[in-house]
$ cat protein.json   # JSON, C-alpha atoms
[["chain", "number", "residue", "atom", "x", "y", "z"],
["A", 1, "MET", "CA", -17.80, -5.57, -17.71],
["A", 2, "GLU", "CA", -18.05, -9.25, -16.88],
["A", 3, "ASN", "CA", -15.87, -10.71, -14.11],
["A", 4, "LEU", "CA", -13.45, -13.17, -15.61],
["A", 5, "LYS", "CA", -12.64, -16.21, -13.50],
["A", 6, "THR", "CA", -8.96, -16.90, -13.32],
["A", 7, "ASP", "CA", -6.80, -19.37, -11.45],
["A", 8, "ARG", "CA", -3.91, -16.95, -11.61],
["A", 9, "ILE", "CA", -2.73, -15.39, -8.33],
["A", 10, "TYR", "CA", -1.00, -12.02, -8.43],
["A", 11, "HIS", "CA", 1.48, -11.16, -5.71],
["A", 12, "ALA", "CA", 1.44, -7.55, -4.55],
["A", 13, "ALA", "CA", 2.74, -5.30, -1.82],
["A", 14, "VAL", "CA", 0.95, -2.51, 0.00],
["A", 15, "TYR", "CA", 3.00, 0.70, -0.24],
["A", 16, "ALA", "CA", 2.05, 4.03, 1.29],
["A", 17, "ARG", "CA", 3.94, 7.34, 1.34],
["A", 18, "LEU", "CA", 4.21, 10.21, 3.78],
["A", 19, "SER", "CA", 2.16, 13.37, 3.66],
["A", 20, "LYS", "CA", 4.13, 16.38, 4.92],
["A", 21, "GLU", "CA", 0.81, 17.81, 6.24],
["A", 22, "ASP", "CA", 0.78, 15.28, 9.11],
["A", 23, "GLY", "CA", 3.73, 16.87, 10.90],
["A", 24, "ASP", "CA", 5.59, 14.86, 13.55],
["A", 25, "LYS", "CA", 3.03, 12.17, 14.38],
["A", 26, "GLU", "CA", 4.42, 8.68, 14.98],
["A", 27, "GLU", "CA", 2.49, 7.34, 11.96],
["A", 28, "SER", "CA", 0.77, 9.90, 9.80],
["A", 29, "ASP", "CA", -2.98, 9.96, 9.22],
["A", 30, "SER", "CA", -2.21, 9.88, 5.52],
["A", 31, "ILE", "CA", -0.32, 6.57, 5.84],
["A", 32, "VAL", "CA", -3.10, 5.03, 7.95],
["A", 33, "ASN", "CA", -5.77, 6.19, 5.47],
["A", 34, "GLN", "CA", -3.80, 4.95, 2.47],
["A", 35, "LYS", "CA", -3.39, 1.50, 4.01],
["A", 36, "GLU", "CA", -7.12, 1.32, 4.82],
["A", 37, "LEU", "CA", -8.07, 2.32, 1.27],
["A", 38, "ILE", "CA", -5.72, -0.26, -0.24],
["A", 39, "ARG", "CA", -6.98, -3.04, 2.05],
["A", 40, "ALA", "CA", -10.62, -2.12, 1.26],
["A", 41, "PHE", "CA", -9.84, -2.21, -2.48],
["A", 42, "LEU", "CA", -8.28, -5.66, -2.15],
["A", 43, "GLU", "CA", -11.14, -7.20, -0.11],
["A", 44, "ASP", "CA", -12.99, -8.45, -3.19],
["A", 45, "LYS", "CA", -9.87, -9.36, -5.18],
["A", 46, "PRO", "CA", -9.20, -13.01, -4.29],
["A", 47, "ASP", "CA", -6.67, -13.23, -7.13],
["A", 48, "ILE", "CA", -4.35, -10.70, -5.42],
["A", 49, "GLU", "CA", -2.22, -11.97, -2.54],
["A", 50, "VAL", "CA", -0.50, -9.33, -0.42],
["A", 51, "CYS", "CA", 3.05, -10.43, 0.35],
["A", 52, "GLY", "CA", 4.20, -7.40, 2.28],
["A", 53, "GLU", "CA", 3.44, -3.93, 3.50],
["A", 54, "TRP", "CA", 5.74, -0.91, 3.46],
["A", 55, "ALA", "CA", 5.38, 2.74, 4.37],
["A", 56, "ASP", "CA", 7.75, 5.63, 3.82],
["A", 57, "ASP", "CA", 6.56, 7.62, 6.80],
["A", 58, "GLY", "CA", 9.06, 10.36, 7.47],
["A", 59, "TYR", "CA", 10.76, 10.33, 4.09],
["A", 60, "SER", "CA", 9.80, 12.19, 0.98],
["A", 61, "GLY", "CA", 10.19, 11.19, -2.64],
["A", 62, "ALA", "CA", 13.06, 13.69, -2.86],
["A", 63, "ASP", "CA", 15.11, 11.89, -0.18],
["A", 64, "PHE", "CA", 17.34, 9.16, -1.50],
["A", 65, "VAL", "CA", 17.32, 7.13, 1.68],
["A", 66, "GLU", "CA", 16.46, 3.44, 1.51],
["A", 67, "VAL", "CA", 13.88, 2.45, 4.14],
["A", 68, "ARG", "CA", 13.61, -1.17, 5.23]]
$ encode --input "protein.json" --output "structure tokens"
Amino acid sequence: MENLKTDRIYHAAVYARLSKEDGDKEESDSIVNQKELIRAFLEDKPDIEVCGEWADDGYSGADFVEVR
């Protein structure tokens, strides 16, 4: 597939979620790995500007607790 040149900039946020397998570490390996994978994916995407980064580290998708 051919790369299409665009002047459009997309604004995105990096979001990573907890893995229960990491136990009680300060920041789970899963969160660190997810952030690294996302950043590596975005390296060659000049049309995507990261505006923020969030991690739910210590909360599961079943918890209805807002994390800021």
$ closest_residue --input "protein.json" --among "A:Val14, A:Gly52, A:Asp47, A:Asp7" --to "A:Lys35" --atoms "all atoms listed in the file"
A:Val14
$ atom_distance --input "protein.json" --atom1 "atom CA of A:Arg8" --atom2 "atom CA of A:Ile48"
8.8 Å
$ atom_distance --input "protein.json" --atom1 "atom CA of A:Trp54" --atom2 "atom CA of A:Leu42"
15.8 Å
$ atom_distance --input "protein.json" --atom1 "atom CA of A:Val32" --atom2 "atom CA of A:Asp57"
10.1 Å
$ residues_near_point --input "protein.json" --point "(5.2, -1.8, 0.9)" --cutoff "12 Å" --atoms "all atoms listed in the file" --output "JSON, numbers by chain"
{"A": [12, 13, 14, 15, 16, 17, 31, 34, 35, 38, 50, 51, 52, 53, 54, 55, 56, 57, 67, 68]}
